[in-house]
file upload15.txt (compact mmCIF, C-alpha atoms)
# COMPACT_ATOMS: atom_id res chain seq x y z
CA MET A 960 39.16 10.88 -70.91
CA ARG A 961 35.54 11.96 -71.17
CA MET A 962 32.90 9.45 -72.18
CA PRO A 963 31.18 10.15 -75.53
CA LEU A 964 27.63 11.46 -75.26
CA SER A 965 26.12 8.46 -77.08
CA LYS A 966 27.79 5.98 -74.70
CA LYS A 967 26.73 8.08 -71.72
CA ILE A 968 23.09 8.03 -72.88
CA ILE A 969 23.20 4.25 -73.36
CA LEU A 970 24.83 3.75 -69.96
CA TYR A 971 22.29 5.88 -68.06
CA THR A 972 19.42 4.26 -69.95
CA LEU A 973 20.60 0.78 -68.96
CA LEU A 974 21.12 1.90 -65.36
CA THR A 975 17.63 3.40 -65.23
CA ILE A 976 16.04 0.23 -66.64
CA SER A 977 18.03 -1.96 -64.21
CA ALA A 978 17.04 0.20 -61.24
CA PHE A 979 13.38 0.06 -62.28
CA VAL A 980 13.46 -3.74 -62.66
CA LEU A 981 15.10 -4.16 -59.25
CA PHE A 982 12.71 -1.71 -57.60
CA LEU A 983 9.58 -3.06 -59.32
CA PRO A 984 8.66 -5.62 -56.57
CA ILE A 985 8.84 -2.87 -53.93
CA ILE A 986 6.66 -0.59 -56.06
CA PHE A 987 4.13 -3.38 -56.55
CA ALA A 988 4.10 -4.18 -52.82
CA PHE A 989 3.59 -0.48 -52.00
CA ILE A 990 0.65 -0.17 -54.41
CA MET A 991 -0.85 -3.47 -53.26
CA SER A 992 -0.80 -2.27 -49.65
CA PHE A 993 -3.52 0.27 -50.60
CA MET A 994 -5.74 -2.26 -52.40
CA ASN A 995 -8.90 -3.77 -51.01
CA SER A 996 -9.29 -7.55 -50.90
CA GLN A 997 -11.33 -7.68 -54.10
CA ASP A 998 -8.73 -5.85 -56.18
CA ALA A 999 -5.95 -8.05 -54.75
CA MET A 1000 -7.86 -11.26 -55.58
CA VAL A 1001 -8.60 -10.12 -59.13
CA GLY A 1002 -4.94 -9.16 -59.63
CA LYS A 1003 -5.35 -5.50 -60.51
CA ILE A 1004 -2.21 -3.44 -60.97
CA ILE A 1005 -3.78 -0.15 -59.87
CA PRO A 1006 -6.33 -0.09 -57.02
CA SER A 1007 -9.85 0.92 -57.96
CA VAL A 1008 -10.08 2.66 -54.59
CA TRP A 1009 -7.04 3.71 -52.53
CA THR A 1010 -7.59 2.84 -48.87
CA LEU A 1011 -5.64 2.76 -45.61
CA ASP A 1012 -7.71 -0.09 -44.19
CA ASN A 1013 -4.87 -2.59 -44.73
CA TYR A 1014 -2.54 -0.58 -42.50
CA MET A 1015 -5.20 -0.26 -39.81
CA MET A 1016 -5.90 -4.01 -39.95
CA ALA A 1017 -2.16 -4.81 -39.73
CA PHE A 1018 -1.86 -2.83 -36.50
CA GLN A 1019 -5.07 -4.33 -35.14
CA ARG A 1020 -4.04 -7.92 -35.76
CA LEU A 1021 -0.54 -7.67 -34.34
CA PRO A 1022 1.36 -5.44 -31.90
CA LEU A 1023 3.55 -4.15 -34.73
CA LEU A 1024 4.91 -1.24 -32.70
CA LYS A 1025 6.06 -3.70 -30.02
CA PHE A 1026 7.66 -5.92 -32.66
CA LEU A 1027 9.37 -2.92 -34.25
CA PHE A 1028 10.73 -1.87 -30.88
CA ASN A 1029 12.01 -5.40 -30.21
CA SER A 1030 13.73 -5.55 -33.60
CA PHE A 1031 15.30 -2.13 -33.05
CA ILE A 1032 16.67 -3.06 -29.62
CA ALA A 1033 18.04 -6.43 -30.81
CA SER A 1034 19.57 -4.92 -33.98
CA LEU A 1035 21.09 -2.00 -32.06
CA PHE A 1036 22.55 -4.41 -29.48
CA ILE A 1037 24.11 -6.53 -32.23
CA MET A 1038 25.44 -3.50 -34.11
CA ILE A 1039 27.12 -2.00 -31.03
CA GLY A 1040 28.54 -5.37 -30.02
CA GLN A 1041 30.00 -6.01 -33.45
CA LEU A 1042 31.52 -2.53 -33.68
CA ILE A 1043 33.20 -2.83 -30.28
CA LEU A 1044 34.40 -6.42 -30.47
CA SER A 1045 35.40 -6.32 -34.13
CA SER A 1046 37.38 -3.10 -33.72
CA LEU A 1047 39.17 -4.39 -30.63
CA ALA A 1048 40.03 -7.71 -32.30
CA ALA A 1049 41.18 -5.94 -35.48
CA TYR A 1050 43.39 -3.63 -33.37
CA ALA A 1051 44.97 -6.65 -31.71
CA PHE A 1052 45.67 -8.33 -35.07
CA VAL A 1053 47.34 -5.19 -36.42
CA PHE A 1054 49.11 -3.42 -33.56
CA LEU A 1055 49.81 -6.18 -31.03
CA LYS A 1056 52.59 -8.66 -31.66
CA PHE A 1057 52.08 -12.15 -30.29
CA LYS A 1058 52.93 -15.67 -31.34
CA GLY A 1059 50.52 -17.24 -33.81
CA ARG A 1060 48.82 -13.97 -34.67
CA ASP A 1061 48.55 -14.62 -38.41
CA ALA A 1062 47.49 -18.26 -37.92
CA LEU A 1063 44.77 -17.17 -35.50
CA PHE A 1064 43.55 -14.57 -37.98
CA LEU A 1065 43.35 -17.20 -40.72
CA LEU A 1066 41.33 -19.35 -38.33
CA PHE A 1067 38.94 -16.46 -37.82
CA ILE A 1068 38.56 -16.01 -41.58
CA ALA A 1069 37.96 -19.73 -42.04
CA THR A 1070 34.85 -19.50 -39.87
CA MET A 1071 33.22 -17.39 -42.60
CA MET A 1072 32.88 -20.58 -44.66
CA ILE A 1073 30.70 -22.20 -41.99
CA PRO A 1074 27.01 -21.40 -42.57
CA PHE A 1075 25.04 -20.20 -39.58
CA GLU A 1076 22.61 -23.11 -39.96
CA ALA A 1077 25.45 -25.50 -39.09
CA SER A 1078 25.97 -23.83 -35.71
CA ILE A 1079 22.38 -23.08 -34.83
CA ILE A 1080 21.90 -26.16 -32.60
CA PRO A 1081 25.03 -25.47 -30.45
CA ASN A 1082 24.01 -21.82 -30.22
CA PHE A 1083 20.51 -22.77 -29.14
CA GLN A 1084 21.82 -25.19 -26.49
CA THR A 1085 24.20 -22.50 -25.21
CA ILE A 1086 21.47 -19.87 -24.96
CA LYS A 1087 19.14 -22.38 -23.31
CA GLY A 1088 21.83 -23.41 -20.83
CA LEU A 1089 22.42 -19.76 -19.92
CA ASN A 1090 18.66 -19.33 -19.42
CA LEU A 1091 18.57 -16.57 -22.05
CA LEU A 1092 15.62 -17.74 -24.11
CA ASN A 1093 13.03 -15.00 -24.67
CA THR A 1094 15.55 -12.28 -23.82
CA PHE A 1095 17.32 -9.63 -25.85
CA PRO A 1096 20.79 -10.92 -24.83
CA GLY A 1097 19.74 -14.32 -26.13
CA LEU A 1098 18.76 -12.80 -29.45
CA ALA A 1099 22.03 -10.90 -29.82
CA LEU A 1100 24.70 -13.06 -28.18
CA PRO A 1101 25.53 -15.40 -31.12
CA PHE A 1102 26.09 -12.39 -33.42
CA LEU A 1103 28.18 -10.05 -31.27
CA ALA A 1104 31.41 -11.23 -32.92
CA THR A 1105 31.81 -11.59 -36.66
CA ALA A 1106 34.80 -12.62 -38.75
CA PHE A 1107 33.69 -10.32 -41.56
CA GLY A 1108 33.77 -7.27 -39.29
CA ILE A 1109 37.22 -8.18 -37.97
CA PHE A 1110 38.52 -8.67 -41.51
CA LEU A 1111 37.04 -5.37 -42.72
CA LEU A 1112 38.44 -3.29 -39.86
CA ARG A 1113 41.80 -5.08 -39.90
CA GLN A 1114 42.29 -4.10 -43.54
CA THR A 1115 41.45 -0.50 -42.62
CA PHE A 1116 43.72 -0.42 -39.57
CA LYS A 1117 46.63 -1.77 -41.64
CA GLN A 1118 46.56 1.44 -43.68
CA ILE A 1119 47.56 3.46 -40.61
CA PRO A 1120 51.31 4.16 -40.86
CA LYS A 1121 53.46 2.30 -38.37
CA GLU A 1122 55.38 5.51 -37.82
CA LEU A 1123 52.24 7.01 -36.30
CA LYS A 1124 52.11 4.19 -33.76
CA GLU A 1125 55.79 4.62 -32.96
CA ALA A 1126 55.33 8.37 -32.51
CA SER A 1127 52.42 7.77 -30.14
CA GLU A 1128 54.60 5.42 -28.06
CA ILE A 1129 57.32 8.06 -27.86
CA ALA A 1130 54.68 10.57 -26.72
CA GLY A 1131 53.65 8.16 -23.97
CA MET A 1132 50.31 7.25 -25.50
CA GLY A 1133 49.10 3.78 -24.49
CA HIS A 1134 47.11 1.31 -26.52
CA VAL A 1135 43.72 2.46 -25.22
CA LYS A 1136 44.35 6.12 -25.92
CA PHE A 1137 45.84 5.39 -29.35
CA TYR A 1138 42.83 3.18 -30.16
CA ILE A 1139 40.32 5.87 -29.17
CA LYS A 1140 42.10 9.02 -30.32
CA VAL A 1141 43.76 7.84 -33.53
CA VAL A 1142 42.52 4.50 -34.83
CA LEU A 1143 38.75 4.94 -34.50
CA PRO A 1144 38.62 8.42 -36.14
CA VAL A 1145 40.72 7.17 -39.06
CA ALA A 1146 38.42 4.15 -39.54
CA LYS A 1147 35.18 6.15 -39.31
CA THR A 1148 34.06 5.20 -42.84
CA SER A 1149 34.61 1.48 -42.28
CA LEU A 1150 32.88 1.65 -38.90
CA VAL A 1151 29.81 3.26 -40.47
CA THR A 1152 29.81 0.61 -43.21
CA LEU A 1153 30.03 -2.22 -40.69
CA GLY A 1154 27.36 -0.62 -38.51
CA MET A 1155 24.92 -0.35 -41.42
CA TYR A 1156 25.63 -3.91 -42.53
CA SER A 1157 25.26 -5.42 -39.07
CA PHE A 1158 22.08 -3.48 -38.24
CA LEU A 1159 20.29 -4.36 -41.48
CA THR A 1160 21.39 -8.00 -41.28
CA ALA A 1161 20.12 -8.29 -37.71
CA TRP A 1162 16.86 -6.52 -38.61
CA ASN A 1163 16.11 -9.04 -41.36
CA MET A 1164 16.88 -12.16 -39.29
CA TYR A 1165 14.08 -14.70 -39.17
CA LEU A 1166 15.32 -18.18 -38.24
CA TRP A 1167 17.16 -17.36 -35.02
CA PRO A 1168 14.43 -15.13 -33.51
CA LEU A 1169 11.92 -17.85 -34.39
CA LEU A 1170 13.92 -20.44 -32.44
CA SER A 1171 15.05 -18.35 -29.48
CA THR A 1172 11.69 -16.71 -28.70
CA THR A 1173 8.37 -18.34 -27.84
CA ASN A 1174 6.18 -15.35 -26.97
CA ASP A 1175 5.52 -11.84 -28.23
CA THR A 1176 7.39 -10.03 -25.46
CA VAL A 1177 10.71 -10.08 -27.33
CA ARG A 1178 9.75 -11.42 -30.76
CA THR A 1179 10.97 -9.39 -33.71
CA VAL A 1180 9.00 -7.86 -36.52
CA GLN A 1181 9.96 -10.52 -39.07
CA ILE A 1182 8.11 -13.11 -36.97
CA GLY A 1183 5.18 -10.72 -36.79
CA LEU A 1184 5.02 -10.46 -40.58
CA LYS A 1185 4.81 -14.24 -40.83
CA GLN A 1186 1.92 -14.22 -38.37
CA LEU A 1187 -0.05 -11.99 -40.75
CA GLN A 1188 -0.25 -14.94 -43.13
CA SER A 1189 -2.87 -17.56 -42.37
CA GLN A 1190 -2.87 -21.24 -43.29
CA GLU A 1191 -6.55 -21.75 -42.52
CA THR A 1192 -8.05 -18.94 -44.61
CA VAL A 1193 -7.11 -17.07 -47.77
CA ASN A 1194 -4.27 -14.63 -47.14
CA GLN A 1195 -5.16 -10.95 -47.26
CA TRP A 1196 -2.12 -9.88 -49.22
CA GLY A 1197 -2.97 -6.22 -48.93
CA VAL A 1198 -2.61 -6.48 -45.15
CA VAL A 1199 0.63 -8.45 -45.49
CA MET A 1200 2.09 -5.87 -47.88
CA ALA A 1201 1.01 -3.05 -45.57
CA GLY A 1202 2.89 -4.72 -42.73
CA ALA A 1203 5.92 -5.18 -44.98
CA MET A 1204 5.89 -1.47 -45.86
CA VAL A 1205 5.74 -0.53 -42.18
CA VAL A 1206 8.69 -2.84 -41.48
CA ALA A 1207 10.71 -1.37 -44.36
CA ILE A 1208 10.39 2.24 -43.20
CA PRO A 1209 12.92 2.06 -40.27
CA THR A 1210 15.48 0.28 -42.44
CA LEU A 1211 15.18 2.93 -45.16
CA ILE A 1212 15.58 5.72 -42.62
CA PHE A 1213 18.63 4.03 -41.11
CA LEU A 1214 20.08 3.39 -44.57
CA PHE A 1215 19.67 7.03 -45.63
CA ILE A 1216 21.23 8.31 -42.40
CA GLY A 1217 24.12 5.85 -42.70
CA GLN A 1218 24.67 6.71 -46.35
CA ASN A 1219 24.78 10.40 -45.47
CA LYS A 1220 27.39 9.72 -42.77
CA LEU A 1221 29.34 7.55 -45.20
CA GLN A 1222 29.39 10.23 -47.87
CA LYS A 1223 30.55 12.84 -45.35
CA GLY A 1224 33.31 10.49 -44.18
CA LEU A 1225 34.46 9.89 -47.76
CA ALA A 1226 34.42 13.63 -48.47
CA GLU A 1227 36.47 14.38 -45.35
CA GLY A 1228 38.92 11.62 -46.30
CA ALA A 1229 39.29 13.07 -49.81
CA LEU A 1230 39.99 16.55 -48.41
CA LYS A 1231 42.69 15.16 -46.12
call {"tool": "encode", "arguments": {"input": "upload15.txt", "output": "structure tokens"}}
result
Amino acid sequence: MRMPLSKKIILYTLLTISAFVLFLPIIFAFIMSFMNSQDAMVGKIIPSVWTLDNYMMAFQRLPLLKFLFNSFIASLFIMIGQLILSSLAAYAFVFLKFKGRDALFLLFIATMMIPFEASIIPNFQTIKGLNLLNTFPGLALPFLATAFGIFLLRQTFKQIPKELKEASEIAGMGHVKFYIKVVLPVAKTSLVTLGMYSFLTAWNMYLWPLLSTTNDTVRTVQIGLKQLQSQETVNQWGVVMAGAMVVAIPTLIFLFIGQNKLQKGLAEGALK
């Protein structure tokens, strides 16, 4: 049943207004990044003079490229670890039969109710005991396994017909080959979704990188943004917003690439 034209106009109008309201802070931050200090202090909406000085000052004050590289490496490490470990665990919960499988899965799901802040001290003591402070493994290790990723991929793997697994066993295909040749291609859309989620979540982490790093060699870009703010002098918000825009660019690129892959996966799934 087609939607009436009047309802369609109202719907798209409300969606446009909602999108503008949600996107308004980003628009304001983008415009403010081109303001000089005087315009920012006065509270102008549109800069009197558009300038790139804030971006130049942001790169002069901090090694932003180094921080961006550190964030990319840590986020990529976490994303790959979650994809591998979550997919293997989900495969075990679906295709391997062992005693207590369902109870163990419920235990995994129950860990989602525990906030990360409650486990941050044990994680810090573990990383410190392994002598992994100020290292990329130390940044990534507590996040390589996630109950959410296991749950997401398990639900996807359960949609694979059992007859397909039985046919692969008759053909002499082992678990590893079946996992690589059959399961992973079928779950491509869910893997892309989990990869995007894990990468963006790791990129935006602040508390754990702040605790597990003490120098700029491996510190992430979120810590660098905080260093642009000063407690002794008045903050130059134009510089801070310029740094925020630089930090947002890689996430937007990754999001667009991931969304493109996701749409292609959905289209291929619809054709099948």
call {"tool": "closest_residue", "arguments": {"input": "upload15.txt", "among": "A:Arg1178, A:Lys1087, A:Lys1147, A:Arg1113", "to": "Ala1049 in chain A", "atoms": "all atoms listed in the file"}}
result
A:Arg1113
call {"tool": "atom_distance", "arguments": {"input": "upload15.txt", "atom1": "CA of Ser1046 in chain A", "atom2": "CA of Ile1086 in chain A"}}
result
24.7 Å
call {"tool": "atom_distance", "arguments": {"input": "upload15.txt", "atom1": "CA of Phe1213 in chain A", "atom2": "CA of Gln1186 in chain A"}}
result
24.9 Å
call {"tool": "closest_residue", "arguments": {"input": "upload15.txt", "among": "A:Phe982, A:Trp1009, A:Tyr971, A:Tyr1138", "to": "Gly1197 in chain A", "atoms": "all atoms listed in the file"}}
result
A:Trp1009
call {"tool": "closest_residue", "arguments": {"input": "upload15.txt", "among": "A:Trp1162, A:Phe1215, A:Met1204, A:Leu1169", "to": "Phe1028 in chain A", "atoms": "all atoms listed in the file"}}
result
A:Trp1162
call {"tool": "closest_residue", "arguments": {"input": "upload15.txt", "among": "A:Ala1051, A:Ala1207, A:Leu1170, A:Met1038", "to": "Leu1103 in chain A", "atoms": "only C-alpha atoms"}}
result
A:Met1038
call {"tool": "atom_distance", "arguments": {"input": "upload15.txt", "atom1": "CA of Leu1011 in chain A", "atom2": "CA of Ile1032 in chain A"}}
result
28.1 Å
call {"tool": "closest_residue", "arguments": {"input": "upload15.txt", "among": "A:Val1177, A:Ile968, A:Ile1068, A:Ala1201", "to": "Leu1092 in chain A", "atoms": "all atoms listed in the file"}}
result
A:Val1177
call {"tool": "residues_near_point", "arguments": {"input": "upload15.txt", "point": "(45.0, -1.5, -25.3)", "cutoff": "10 Å", "atoms": "only C-alpha atoms", "output": "MDAnalysis selection string"}}
result
chainID A and resid 1047 1050:1051 1054:1055 1133:1139
call {"tool": "residues_near_point", "arguments": {"input": "upload15.txt", "point": "(-6.2, -2.5, -45.6)", "cutoff": "8 Å", "atoms": "all atoms listed in the file", "output": "compact mmCIF listing (two decimals) with C-alpha atoms, in the coordinates of the input"}}
result
# COMPACT_ATOMS: atom_id res chain seq x y z
CA SER A 992 -0.80 -2.27 -49.65
CA PHE A 993 -3.52 0.27 -50.60
CA MET A 994 -5.74 -2.26 -52.40
CA ASN A 995 -8.90 -3.77 -51.01
CA SER A 996 -9.29 -7.55 -50.90
CA THR A 1010 -7.59 2.84 -48.87
CA LEU A 1011 -5.64 2.76 -45.61
CA ASP A 1012 -7.71 -0.09 -44.19
CA ASN A 1013 -4.87 -2.59 -44.73
CA TYR A 1014 -2.54 -0.58 -42.50
CA MET A 1015 -5.20 -0.26 -39.81
CA MET A 1016 -5.90 -4.01 -39.95
CA ALA A 1017 -2.16 -4.81 -39.73
CA GLY A 1197 -2.97 -6.22 -48.93
CA VAL A 1198 -2.61 -6.48 -45.15
CA ALA A 1201 1.01 -3.05 -45.57
call {"tool": "closest_residue", "arguments": {"input": "upload15.txt", "among": "A:Ile1080, A:Leu1021, A:Ala1104, A:Leu1063", "to": "Leu1184 in chain A", "atoms": "all atoms listed in the file"}}
result
A:Leu1021
call {"tool": "residues_around", "arguments": {"input": "upload15.txt", "residues": "Gln1114 in chain A", "least_positions_apart": "4", "cutoff": "10 Å", "atoms": "all atoms listed in the file", "output": "list in words"}}
result
Ala1049, Val1053, Ile1109, Phe1110, Gln1118, Ile1119, Ala1146 and Ser1149 of chain A
